[in-house]
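Chemist: One file: input_19.cif (mmCIF, C-alpha atoms).
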data_query
loop_
_atom_site.group_PDB
_atom_site.id
_atom_site.type_symbol
_atom_site.label_atom_id
_atom_site.label_comp_id
_atom_site.auth_asym_id
_atom_site.auth_seq_id
_atom_site.Cartn_x
_atom_site.Cartn_y
_atom_site.Cartn_z
ATOM 1 C CA MET U 110 -87.885 -147.718 16.010
ATOM 2 C CA THR U 111 -88.303 -148.988 19.471
ATOM 3 C CA ILE U 112 -87.877 -146.788 22.467
ATOM 4 C CA ALA U 113 -84.465 -148.265 23.237
ATOM 5 C CA THR U 114 -82.998 -147.425 19.853
ATOM 6 C CA SER U 115 -84.447 -143.947 19.827
ATOM 7 C CA THR U 116 -83.012 -143.364 23.291
ATOM 8 C CA GLU U 117 -79.653 -144.533 22.025
ATOM 9 C CA LEU U 118 -79.889 -142.185 19.065
ATOM 10 C CA ILE U 119 -80.829 -139.239 21.256
ATOM 11 C CA CYS U 120 -77.943 -140.001 23.622
ATOM 12 C CA PHE U 121 -75.557 -140.195 20.698
ATOM 13 C CA LEU U 122 -76.748 -136.902 19.262
ATOM 14 C CA VAL U 123 -76.475 -135.092 22.585
ATOM 15 C CA LEU U 124 -73.011 -136.500 23.308
ATOM 16 C CA SER U 125 -71.723 -135.766 19.821
ATOM 17 C CA THR U 126 -73.013 -132.198 20.046
ATOM 18 C CA VAL U 127 -71.154 -131.792 23.329
ATOM 19 C CA ILE U 128 -68.010 -133.228 21.759
ATOM 20 C CA VAL U 129 -68.133 -131.020 18.677
ATOM 21 C CA LEU U 130 -68.852 -127.798 20.543
ATOM 22 C CA GLY U 131 -66.425 -128.646 23.315
ATOM 23 C CA SER U 132 -63.563 -129.412 20.973
ATOM 24 C CA LEU U 133 -64.191 -126.202 19.062
ATOM 25 C CA GLY U 134 -64.153 -124.388 22.381
ATOM 26 C CA VAL U 135 -60.867 -126.018 23.386
ATOM 27 C CA VAL U 136 -59.218 -124.784 20.232
ATOM 28 C CA LEU U 137 -60.863 -121.412 19.759
ATOM 29 C CA LEU U 138 -61.495 -119.890 23.190
ATOM 30 C CA GLU U 139 -59.164 -117.127 24.193
ATOM 31 C CA ASN U 140 -58.962 -117.934 27.885
ATOM 32 C CA ILE U 141 -56.926 -121.074 28.412
ATOM 33 C CA VAL U 142 -58.679 -121.925 31.691
ATOM 34 C CA TYR U 143 -62.017 -122.123 29.901
ATOM 35 C CA SER U 144 -60.381 -124.352 27.301
ATOM 36 C CA ALA U 145 -59.181 -126.704 30.005
ATOM 37 C CA PHE U 146 -62.664 -127.068 31.457
ATOM 38 C CA MET U 147 -64.124 -127.574 27.974
ATOM 39 C CA LEU U 148 -61.536 -130.315 27.527
ATOM 40 C CA GLY U 149 -62.874 -131.990 30.667
ATOM 41 C CA GLY U 150 -66.373 -131.832 29.196
ATOM 42 C CA VAL U 151 -65.145 -133.423 25.966
ATOM 43 C CA PHE U 152 -63.500 -136.229 27.945
ATOM 44 C CA MET U 153 -66.700 -136.885 29.880
ATOM 45 C CA ALA U 154 -68.749 -136.966 26.678
ATOM 46 C CA VAL U 155 -66.318 -139.420 25.098
ATOM 47 C CA ALA U 156 -66.695 -141.603 28.182
ATOM 48 C CA GLY U 157 -70.452 -141.449 27.640
ATOM 49 C CA LEU U 158 -69.969 -142.652 24.078
ATOM 50 C CA TYR U 159 -67.911 -145.559 25.402
ATOM 51 C CA LEU U 160 -70.822 -146.464 27.679
ATOM 52 C CA LEU U 161 -73.073 -146.315 24.632
ATOM 53 C CA LEU U 162 -70.722 -148.812 22.978
ATOM 54 C CA ASN U 163 -71.051 -151.290 25.896
ATOM 55 C CA ALA U 164 -67.558 -150.662 27.193
ATOM 56 C CA SER U 165 -67.983 -149.823 30.838
ATOM 57 C CA PHE U 166 -64.407 -150.612 31.845
ATOM 58 C CA VAL U 167 -62.859 -148.315 29.277
ATOM 59 C CA ALA U 168 -65.392 -145.624 30.133
ATOM 60 C CA ALA U 169 -64.379 -145.824 33.788
ATOM 61 C CA ALA U 170 -60.707 -145.756 32.811
ATOM 62 C CA GLN U 171 -61.374 -142.736 30.624
ATOM 63 C CA VAL U 172 -63.032 -140.847 33.453
ATOM 64 C CA LEU U 173 -60.354 -141.812 35.973
ATOM 65 C CA VAL U 174 -57.310 -141.214 33.800
ATOM 66 C CA TYR U 175 -58.371 -138.349 31.564
ATOM 67 C CA VAL U 176 -60.738 -136.326 33.695
ATOM 68 C CA GLY U 177 -59.157 -137.265 36.991
ATOM 69 C CA ALA U 178 -55.495 -137.116 36.092
ATOM 70 C CA VAL U 179 -54.691 -135.545 32.741
ATOM 71 C CA ASN U 180 -57.166 -132.700 32.997
ATOM 72 C CA VAL U 181 -56.161 -131.899 36.560
ATOM 73 C CA LEU U 182 -52.519 -131.971 35.472
ATOM 74 C CA ILE U 183 -53.268 -129.555 32.649
ATOM 75 C CA ILE U 184 -55.075 -127.194 35.015
ATOM 76 C CA PHE U 185 -52.120 -127.350 37.402
ATOM 77 C CA ALA U 186 -49.772 -126.532 34.541
ATOM 78 C CA ILE U 187 -51.956 -123.600 33.531
ATOM 79 C CA MET U 188 -51.843 -122.280 37.074
ATOM 80 C CA LEU U 189 -48.071 -122.696 37.241
ATOM 81 C CA VAL U 190 -47.400 -120.868 34.005
ATOM 82 C CA ASN U 191 -50.319 -118.480 34.167
ATOM 83 C CA LYS U 192 -48.787 -115.208 33.260
ATOM 84 C CA ARG U 193 -50.702 -112.702 31.208
ATOM 85 C CA GLU U 194 -48.471 -112.048 28.308
ATOM 86 C CA GLU U 195 -49.085 -110.094 25.203
ATOM 87 C CA LEU U 196 -48.199 -112.315 22.323
ATOM 88 C CA LYS U 197 -46.152 -110.547 19.774
ATOM 89 C CA PRO U 198 -47.950 -110.363 16.459
ATOM 90 C CA ILE U 199 -46.265 -112.387 13.803
ATOM 91 C CA LYS U 200 -46.634 -111.718 10.173
ATOM 92 C CA GLY U 201 -48.478 -114.145 7.995
ATOM 93 C CA LEU U 202 -50.661 -115.404 10.823
ATOM 94 C CA ARG U 203 -53.885 -115.093 8.878
ATOM 95 C CA LEU U 204 -52.404 -116.817 5.849
ATOM 96 C CA ARG U 205 -51.103 -119.582 8.089
ATOM 97 C CA ARG U 206 -54.532 -120.075 9.655
ATOM 98 C CA ILE U 207 -56.233 -120.204 6.293
ATOM 99 C CA VAL U 208 -53.749 -122.679 4.828
ATOM 100 C CA SER U 209 -53.850 -124.958 7.854
ATOM 101 C CA GLY U 210 -57.637 -124.767 7.906
ATOM 102 C CA ALA U 211 -57.718 -125.825 4.267
ATOM 103 C CA VAL U 212 -55.385 -128.725 5.006
ATOM 104 C CA CYS U 213 -57.563 -129.839 7.921
ATOM 105 C CA ILE U 214 -60.747 -129.601 5.884
ATOM 106 C CA GLY U 215 -59.074 -131.670 3.189
ATOM 107 C CA LEU U 216 -58.119 -134.272 5.759
ATOM 108 C CA LEU U 217 -61.681 -134.259 7.078
ATOM 109 C CA VAL U 218 -63.130 -134.749 3.595
ATOM 110 C CA LEU U 219 -60.719 -137.614 2.995
ATOM 111 C CA LEU U 220 -61.634 -139.342 6.256
ATOM 112 C CA VAL U 221 -65.359 -138.846 5.701
ATOM 113 C CA ARG U 222 -65.078 -140.265 2.210
ATOM 114 C CA VAL U 223 -63.226 -143.318 3.509
ATOM 115 C CA ALA U 224 -65.774 -143.839 6.273
ATOM 116 C CA ILE U 225 -68.725 -143.653 3.917
ATOM 117 C CA ILE U 226 -67.396 -145.465 0.871
ATOM 118 C CA THR U 227 -65.705 -148.435 2.506
ATOM 119 C CA PRO U 228 -68.044 -151.448 2.588
ATOM 120 C CA TRP U 229 -67.830 -152.364 6.242
ATOM 121 C CA PRO U 230 -68.894 -155.953 6.880
ATOM 122 C CA LEU U 231 -71.964 -154.938 8.831
ATOM 123 C CA PRO U 232 -73.680 -156.226 10.813
ATOM 124 C CA GLY U 233 -70.654 -157.780 12.387
ATOM 125 C CA PRO U 234 -70.646 -160.514 14.984
ATOM 126 C CA ILE U 235 -72.727 -160.100 18.087
ATOM 127 C CA ALA U 236 -71.030 -157.887 20.639
ATOM 128 C CA ILE U 237 -70.542 -159.409 24.050
ATOM 129 C CA GLY U 238 -71.684 -156.398 25.981
ATOM 130 C CA GLU U 239 -71.123 -156.449 29.687
ATOM 131 C CA GLU U 240 -68.719 -159.388 29.660
ATOM 132 C CA ALA U 241 -66.201 -157.044 28.112
ATOM 133 C CA THR U 242 -64.443 -156.300 31.383
ATOM 134 C CA ALA U 243 -63.670 -159.953 32.070
ATOM 135 C CA ARG U 244 -62.555 -160.393 28.468
ATOM 136 C CA ILE U 245 -60.197 -157.419 28.727
ATOM 137 C CA GLY U 246 -58.651 -159.044 31.784
ATOM 138 C CA GLU U 247 -58.165 -162.294 29.893
ATOM 139 C CA HIS U 248 -56.552 -160.443 27.010
ATOM 140 C CA LEU U 249 -54.250 -158.467 29.276
ATOM 141 C CA PHE U 250 -52.901 -161.555 30.981
ATOM 142 C CA THR U 251 -52.639 -163.910 28.029
ATOM 143 C CA ASP U 252 -51.899 -162.599 24.568
ATOM 144 C CA TYR U 253 -51.234 -158.980 25.500
ATOM 145 C CA LEU U 254 -49.045 -159.763 28.489
ATOM 146 C CA LEU U 255 -45.872 -158.277 27.030
ATOM 147 C CA PRO U 256 -47.439 -154.901 26.112
ATOM 148 C CA PHE U 257 -49.048 -154.839 29.536
ATOM 149 C CA GLU U 258 -45.717 -155.225 31.293
ATOM 150 C CA LEU U 259 -44.068 -152.761 28.934
ATOM 151 C CA ALA U 260 -46.807 -150.272 29.738
ATOM 152 C CA SER U 261 -45.963 -150.521 33.414
ATOM 153 C CA VAL U 262 -42.287 -149.904 32.646
ATOM 154 C CA LEU U 263 -43.311 -146.972 30.449
ATOM 155 C CA LEU U 264 -45.358 -145.457 33.252
ATOM 156 C CA LEU U 265 -42.446 -145.805 35.659
ATOM 157 C CA MET U 266 -40.110 -144.158 33.159
ATOM 158 C CA ALA U 267 -42.589 -141.343 32.553
ATOM 159 C CA MET U 268 -42.989 -140.763 36.279
ATOM 160 C CA ILE U 269 -39.252 -140.564 36.948
ATOM 161 C CA GLY U 270 -38.698 -138.473 33.828
ATOM 162 C CA ALA U 271 -41.423 -136.014 34.781
ATOM 163 C CA ILE U 272 -39.987 -135.639 38.273
ATOM 164 C CA VAL U 273 -36.476 -135.086 36.949
ATOM 165 C CA LEU U 274 -37.600 -132.601 34.305
ATOM 166 C CA ALA U 275 -39.939 -130.555 36.440
ATOM 167 C CA ARG U 276 -37.812 -130.468 39.569
ATOM 168 C CA ARG U 277 -36.455 -127.135 40.575
ATOM 169 C CA ASP U 278 -32.792 -127.381 41.381
ATOM 170 C CA VAL U 279 -31.886 -126.383 44.887
ATOM 171 C CA TYR U 280 -28.177 -126.001 45.065
ATOM 172 C CA ASP U 281 -26.170 -127.083 48.025
ATOM 173 C CA SER U 282 -24.683 -123.615 48.312
ATOM 174 C CA GLU U 283 -28.108 -122.081 48.865
ATOM 175 C CA LEU U 284 -28.808 -124.520 51.624
ATOM 176 C CA LEU U 285 -25.432 -124.135 53.232
ATOM 177 C CA ALA U 286 -25.674 -120.373 53.146
ATOM 178 C CA GLY U 287 -27.926 -120.466 56.143
ATOM 179 C CA ASP U 288 -31.267 -120.560 54.416
ATOM 180 C CA ASP U 289 -33.808 -122.820 55.885
ATOM 181 C CA MET U 290 -34.725 -125.764 53.698
ATOM 182 C CA LYS U 291 -38.228 -124.452 53.263
ATOM 183 C CA GLU U 292 -36.945 -121.023 52.364
ATOM 184 C CA GLY U 293 -34.832 -122.548 49.665
ATOM 185 C CA LEU U 294 -37.771 -124.347 48.175
ATOM 186 C CA ILE U 295 -39.965 -121.274 47.859
ATOM 187 C CA GLU U 296 -40.342 -120.396 44.244
ATOM 188 C CA GLN U 297 -38.179 -117.410 43.478
ATOM 189 C CA THR U 298 -38.366 -115.258 40.449
ATOM 190 C CA PRO U 299 -36.910 -117.381 37.714
ATOM 191 C CA THR U 300 -33.747 -116.182 36.124
ATOM 192 C CA PRO U 301 -34.049 -116.547 32.382
ATOM 193 C CA LEU U 302 -31.042 -118.509 31.281
ATOM 194 C CA LEU U 303 -31.448 -118.635 27.570
ATOM 195 C CA VAL U 304 -33.519 -115.643 26.596
ATOM 196 C CA ASP U 305 -32.822 -114.519 23.088
ATOM 197 C CA LYS U 306 -29.081 -114.503 22.940
ATOM 198 C CA SER U 307 -29.143 -114.685 19.192
ATOM 199 C CA SER U 308 -32.183 -112.636 18.373
ATOM 200 C CA PRO U 309 -31.566 -109.874 15.869
ATOM 201 C CA MET B 4 -75.799 -142.564 7.131
ATOM 202 C CA PHE B 5 -77.454 -143.104 10.459
ATOM 203 C CA ASP B 6 -79.142 -146.228 9.080
ATOM 204 C CA LEU B 7 -82.469 -145.761 10.759
ATOM 205 C CA SER B 8 -84.037 -148.674 8.930
ATOM 206 C CA GLN B 9 -82.470 -151.128 11.326
ATOM 207 C CA GLY B 10 -82.895 -148.722 14.168
ATOM 208 C CA ILE B 11 -79.271 -148.888 15.234
ATOM 209 C CA LEU B 12 -76.583 -146.321 15.214
ATOM 210 C CA SER B 13 -74.186 -147.352 12.547
ATOM 211 C CA LEU B 14 -70.432 -147.455 12.605
ATOM 212 C CA GLN B 15 -70.226 -144.517 10.244
ATOM 213 C CA ALA B 16 -71.668 -142.081 12.761
ATOM 214 C CA TYR B 17 -68.884 -142.835 15.195
ATOM 215 C CA LEU B 18 -66.265 -142.669 12.456
ATOM 216 C CA LEU B 19 -67.474 -139.291 11.255
ATOM 217 C CA LEU B 20 -67.489 -137.882 14.767
ATOM 218 C CA ALA B 21 -63.973 -139.181 15.381
ATOM 219 C CA ALA B 22 -62.763 -137.738 12.079
ATOM 220 C CA PHE B 23 -64.148 -134.322 13.007
ATOM 221 C CA LEU B 24 -62.546 -134.476 16.450
ATOM 222 C CA PHE B 25 -59.206 -135.467 14.933
ATOM 223 C CA CYS B 26 -59.258 -132.616 12.435
ATOM 224 C CA ILE B 27 -60.077 -130.109 15.165
ATOM 225 C CA GLY B 28 -57.117 -131.484 17.087
ATOM 226 C CA VAL B 29 -54.794 -131.127 14.103
ATOM 227 C CA TRP B 30 -55.920 -127.560 13.504
ATOM 228 C CA GLY B 31 -55.395 -126.648 17.132
ATOM 229 C CA LEU B 32 -52.010 -128.346 17.159
ATOM 230 C CA ILE B 33 -50.837 -126.246 14.239
ATOM 231 C CA ASN B 34 -52.374 -122.941 15.189
ATOM 232 C CA SER B 35 -52.077 -122.671 18.948
ATOM 233 C CA ARG B 36 -49.502 -120.304 20.306
ATOM 234 C CA ASN B 37 -49.958 -121.332 23.909
ATOM 235 C CA ALA B 38 -47.953 -124.461 24.643
ATOM 236 C CA VAL B 39 -50.565 -125.838 27.039
ATOM 237 C CA ARG B 40 -53.181 -125.618 24.311
ATOM 238 C CA VAL B 41 -50.924 -127.638 22.036
ATOM 239 C CA LEU B 42 -50.896 -130.410 24.627
ATOM 240 C CA MET B 43 -54.682 -130.208 24.902
ATOM 241 C CA SER B 44 -54.977 -130.571 21.125
ATOM 242 C CA ILE B 45 -52.821 -133.683 21.269
ATOM 243 C CA GLU B 46 -55.190 -135.108 23.876
ATOM 244 C CA LEU B 47 -58.117 -134.379 21.553
ATOM 245 C CA MET B 48 -56.431 -136.301 18.739
ATOM 246 C CA LEU B 49 -55.715 -139.255 21.013
ATOM 247 C CA ASN B 50 -59.357 -139.282 22.061
ATOM 248 C CA ALA B 51 -60.465 -139.344 18.441
ATOM 249 C CA VAL B 52 -58.274 -142.363 17.770
ATOM 250 C CA ASN B 53 -59.631 -144.064 20.871
ATOM 251 C CA LEU B 54 -63.168 -143.439 19.684
ATOM 252 C CA ASN B 55 -62.350 -145.086 16.364
ATOM 253 C CA LEU B 56 -60.839 -148.092 18.105
ATOM 254 C CA MET B 57 -63.841 -148.525 20.376
ATOM 255 C CA ALA B 58 -66.322 -148.216 17.518
ATOM 256 C CA PHE B 59 -64.498 -150.842 15.461
ATOM 257 C CA SER B 60 -64.228 -153.083 18.481
ATOM 258 C CA SER B 61 -67.930 -152.867 19.167
ATOM 259 C CA TYR B 62 -69.219 -153.179 15.632
ATOM 260 C CA LEU B 63 -66.755 -155.435 13.843
ATOM 261 C CA ASP B 64 -64.839 -157.477 16.373
ATOM 262 C CA GLY B 65 -67.546 -159.407 18.159
ATOM 263 C CA ASN B 66 -66.405 -161.087 21.291
ATOM 264 C CA LEU B 67 -62.714 -160.577 20.693
ATOM 265 C CA ILE B 68 -62.678 -157.010 21.917
ATOM 266 C CA ARG B 69 -59.162 -156.200 20.848
ATOM 267 C CA GLY B 70 -60.065 -152.586 20.185
ATOM 268 C CA GLN B 71 -60.885 -152.044 23.825
ATOM 269 C CA VAL B 72 -57.543 -153.495 24.892
ATOM 270 C CA PHE B 73 -55.790 -151.188 22.453
ATOM 271 C CA ALA B 74 -57.790 -148.258 23.798
ATOM 272 C CA VAL B 75 -56.600 -149.066 27.311
ATOM 273 C CA PHE B 76 -53.007 -149.057 26.091
ATOM 274 C CA VAL B 77 -53.543 -145.777 24.261
ATOM 275 C CA ILE B 78 -54.944 -144.239 27.450
ATOM 276 C CA THR B 79 -51.847 -145.419 29.318
ATOM 277 C CA VAL B 80 -49.481 -143.929 26.761
ATOM 278 C CA ALA B 81 -51.515 -140.707 26.711
ATOM 279 C CA ALA B 82 -51.185 -140.352 30.468
ATOM 280 C CA ALA B 83 -47.411 -140.842 30.263
ATOM 281 C CA GLU B 84 -47.218 -138.371 27.388
ATOM 282 C CA ALA B 85 -49.179 -135.740 29.279
ATOM 283 C CA ALA B 86 -46.971 -136.059 32.341
ATOM 284 C CA VAL B 87 -43.707 -135.793 30.424
ATOM 285 C CA GLY B 88 -45.037 -133.070 28.127
ATOM 286 C CA LEU B 89 -46.149 -130.863 30.974
ATOM 287 C CA ALA B 90 -42.852 -131.431 32.773
ATOM 288 C CA ILE B 91 -40.985 -130.334 29.659
ATOM 289 C CA LEU B 92 -43.302 -127.346 29.432
ATOM 290 C CA LEU B 93 -42.578 -126.321 33.012
ATOM 291 C CA SER B 94 -38.868 -126.680 32.430
ATOM 292 C CA LEU B 95 -39.108 -124.575 29.279
ATOM 293 C CA TYR B 96 -41.141 -121.951 31.076
ATOM 294 C CA ARG B 97 -38.512 -121.785 33.768
ATOM 295 C CA ASN B 98 -35.834 -121.128 31.191
ATOM 296 C CA ARG B 99 -37.597 -118.782 28.803
ATOM 297 C CA VAL B 100 -40.385 -117.246 30.935
ATOM 298 C CA THR B 101 -42.948 -117.575 28.211
ATOM 299 C CA VAL B 102 -45.375 -120.129 26.871
ATOM 300 C CA ASP B 103 -45.449 -118.716 23.369
ATOM 301 C CA MET B 104 -44.648 -121.436 20.879
ATOM 302 C CA GLU B 105 -42.988 -118.924 18.567
ATOM 303 C CA GLN B 106 -40.305 -118.250 21.177
ATOM 304 C CA PHE B 107 -39.269 -121.874 21.479
ATOM 305 C CA ASN B 108 -36.745 -121.793 18.683
ATOM 306 C CA LEU B 109 -33.836 -123.213 20.610
ATOM 307 C CA LEU B 110 -33.168 -125.979 18.134
ATOM 308 C CA ARG B 111 -33.557 -123.872 15.034
ATOM 309 C CA TRP B 112 -30.363 -123.477 13.070
#
Starting from the coordinates I provided, produce the structure as structure tokens.
Modeler:
Amino acid sequence: MTIATSTELICFLVLSTVIVLGSLGVVLLENIVYSAFMLGGVFMAVAGLYLLLNASFVAAAQVLVYVGAVNVLIIFAIMLVNKREELKPIKGLRLRRIVSGAVCIGLLVLLVRVAIITPWPLPGPIAIGEEATARIGEHLFTDYLLPFELASVLLLMAMIGAIVLARRDVYDSELLAGDDMKEGLIEQTPTPLLVDKSSP
Amino acid sequence: MFDLSQGILSLQAYLLLAAFLFCIGVWGLINSRNAVRVLMSIELMLNAVNLNLMAFSSYLDGNLIRGQVFAVFVITVAAAEAAVGLAILLSLYRNRVTVDMEQFNLLRW
């Protein structure tokens, strides 16, 4: 083993440890704010793995989009809905956890078996390394042009849809009633519209 | 498994890590009662799939790095999904004043 390969191995082990512990923390921690920050750590570690795989462009996109946008959005959502609430205990919770854990372990065993048994044609062709960014650009504007344009339309639709869904309705009557515009936009205590009309 | 004879990390290491991450995501998706945590579990699963795509692209695809292009598209779709999902969550919270997944039974017959 040369020093380069052992460095690569050490980097992989450190990053995979961060990913495993961080993902367990995301799922298992009680405080949702801690989970959100653990999720940011997992995203950063995955970006490090992309760097280890010679994909600097995708690593940068991962950091920008996931850590910079998605994680911040999740933290904003946590702050907007952050109300301490006592979750009502439901019956059969332990049984549900055990059954779903068994299903997930079964899925994990299946995936591990596939990954180990399948004869991958290794070593594959030589990777191109740092030319990957230019090659991604060529792909995006030649043979993946249609998905690229559709992705832009999808992002536009998602943006408009998110604005429409998350907007708080300010009725004309509230504004005409003499309230200042800013007063009308201050978050008031929400009136529950649909709370448990049919609950027994 | 780690194929130390050639001194390189093999594809299997990445695949095993991605499989573990995906299963953690599935477990969290099923068992979380906080709706925000459900969205975070979905992000974990998407990251696992991305990791698989990148590993295949690096080890098996040579200079046609189609896996990286797919990963970029998956990141795009994940960003759109997070935005719309959190908007739906805020709208739900405004109507039901809770984030408990067990209370969101509006469509149950």
Chemist: Nearest residue to Phe23 in chain B out of B:Met43, B:Leu109, B:Ala38, B:Ala51, using all atoms listed in the file?
Modeler: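 Closest to Phe23 in chain B of all the choices is B:Ala51.
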Chemist: Find the residue from B:Gly88, B:Gly65, B:Gly70, B:Gly31 that sits nearest to Val135 in chain U; use all atoms listed in the file when measuring.
Modeler: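 For Val135 in chain U, the nearest of the candidates is B:Gly31.
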Chemist: Which is closer to Phe121 in chain U than all the others in U:Tyr143, U:Phe185, U:Tyr159, U:Phe152, using all atoms listed in the file?
Modeler: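 Among the listed residues, the smallest separation from Phe121 in chain U belongs to U:Tyr159.
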Chemist: When the PyMOL selection byres ((chain B and resi 12-16) around 10) is applied to the file above, which residues end up in the set, as number ranges by chain?
Modeler: U: 114-115, 117-118, 121-122, 125, 221, 223-227, 229, 231-232; B: 4-7, 9-11, 17-22, 55, 58-59, 61-63
Chemist: Just write the chosen residues, C-alpha atoms, as a short mmCIF file (atom, residue, chain, number, x, y, z; two decimals), in the frame of the given file.
Modeler:
data_model
loop_
_atom_site.label_atom_id
_atom_site.label_comp_id
_atom_site.auth_asym_id
_atom_site.auth_seq_id
_atom_site.Cartn_x
_atom_site.Cartn_y
_atom_site.Cartn_z
CA THR U 114 -83.00 -147.43 19.85
CA SER U 115 -84.45 -143.95 19.83
CA GLU U 117 -79.65 -144.53 22.02
CA LEU U 118 -79.89 -142.18 19.07
CA PHE U 121 -75.56 -140.20 20.70
CA LEU U 122 -76.75 -136.90 19.26
CA SER U 125 -71.72 -135.77 19.82
CA VAL U 221 -65.36 -138.85 5.70
CA VAL U 223 -63.23 -143.32 3.51
CA ALA U 224 -65.77 -143.84 6.27
CA ILE U 225 -68.72 -143.65 3.92
CA ILE U 226 -67.40 -145.46 0.87
CA THR U 227 -65.70 -148.44 2.51
CA TRP U 229 -67.83 -152.36 6.24
CA LEU U 231 -71.96 -154.94 8.83
CA PRO U 232 -73.68 -156.23 10.81
CA MET B 4 -75.80 -142.56 7.13
CA PHE B 5 -77.45 -143.10 10.46
CA ASP B 6 -79.14 -146.23 9.08
CA LEU B 7 -82.47 -145.76 10.76
CA GLN B 9 -82.47 -151.13 11.33
CA GLY B 10 -82.90 -148.72 14.17
CA ILE B 11 -79.27 -148.89 15.23
CA TYR B 17 -68.88 -142.84 15.20
CA LEU B 18 -66.26 -142.67 12.46
CA LEU B 19 -67.47 -139.29 11.26
CA LEU B 20 -67.49 -137.88 14.77
CA ALA B 21 -63.97 -139.18 15.38
CA ALA B 22 -62.76 -137.74 12.08
CA ASN B 55 -62.35 -145.09 16.36
CA ALA B 58 -66.32 -148.22 17.52
CA PHE B 59 -64.50 -150.84 15.46
CA SER B 61 -67.93 -152.87 19.17
CA TYR B 62 -69.22 -153.18 15.63
CA LEU B 63 -66.76 -155.44 13.84
#
Chemist: Given the file above and the PyMOL selection byres ((chain U and resi 239) around 8), which residues are selected, and can you give them as an mmCIF file with C-alpha atoms, in the frame of the given file?
Modeler:
data_model
loop_
_atom_site.group_PDB
_atom_site.id
_atom_site.type_symbol
_atom_site.label_atom_id
_atom_site.label_comp_id
_atom_site.auth_asym_id
_atom_site.auth_seq_id
_atom_site.Cartn_x
_atom_site.Cartn_y
_atom_site.Cartn_z
ATOM 1 C CA ASN U 163 -71.051 -151.290 25.896
ATOM 2 C CA ALA U 164 -67.558 -150.662 27.193
ATOM 3 C CA SER U 165 -67.983 -149.823 30.838
ATOM 4 C CA ILE U 237 -70.542 -159.409 24.050
ATOM 5 C CA GLY U 238 -71.684 -156.398 25.981
ATOM 6 C CA GLU U 240 -68.719 -159.388 29.660
ATOM 7 C CA ALA U 241 -66.201 -157.044 28.112
ATOM 8 C CA THR U 242 -64.443 -156.300 31.383
#
Chemist: For CA of Asp103 in chain B and CA of Leu204 in chain U, quote the distance in Å rounded to one decimal.
Modeler: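 Computing it gives 18.9 Å between the two atoms.
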Chemist: Could you tell me which of U:Val136, U:Leu265, U:Leu124, U:Val212 comes closest to chain B if we count only C-alpha atoms?
Modeler: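 Looking at the shortest contact to chain B, the residue is U:Val136.
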Chemist: Could you work out how far CA of Ala170 in chain U lies from CA of Ile269 in chain U, giving the answer in Å with one decimal?
Modeler: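 Going from CA of Ile269 in chain U over to CA of Ala170 in chain U, I get 22.5 Å.
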Chemist: Using the file's own x, y and z axes, so that the box edges lie along x, y and z, what centre and edge lengths in Å (one decimal) does a box around every listed atom of range 100-105 of chain B get when 5 Å is added on each side? Give it as JSON.
Modeler:
{"center_x": -42.9, "center_y": -119.3, "center_z": 24.8, "size_x": 15.1, "size_y": 14.2, "size_z": 22.4}
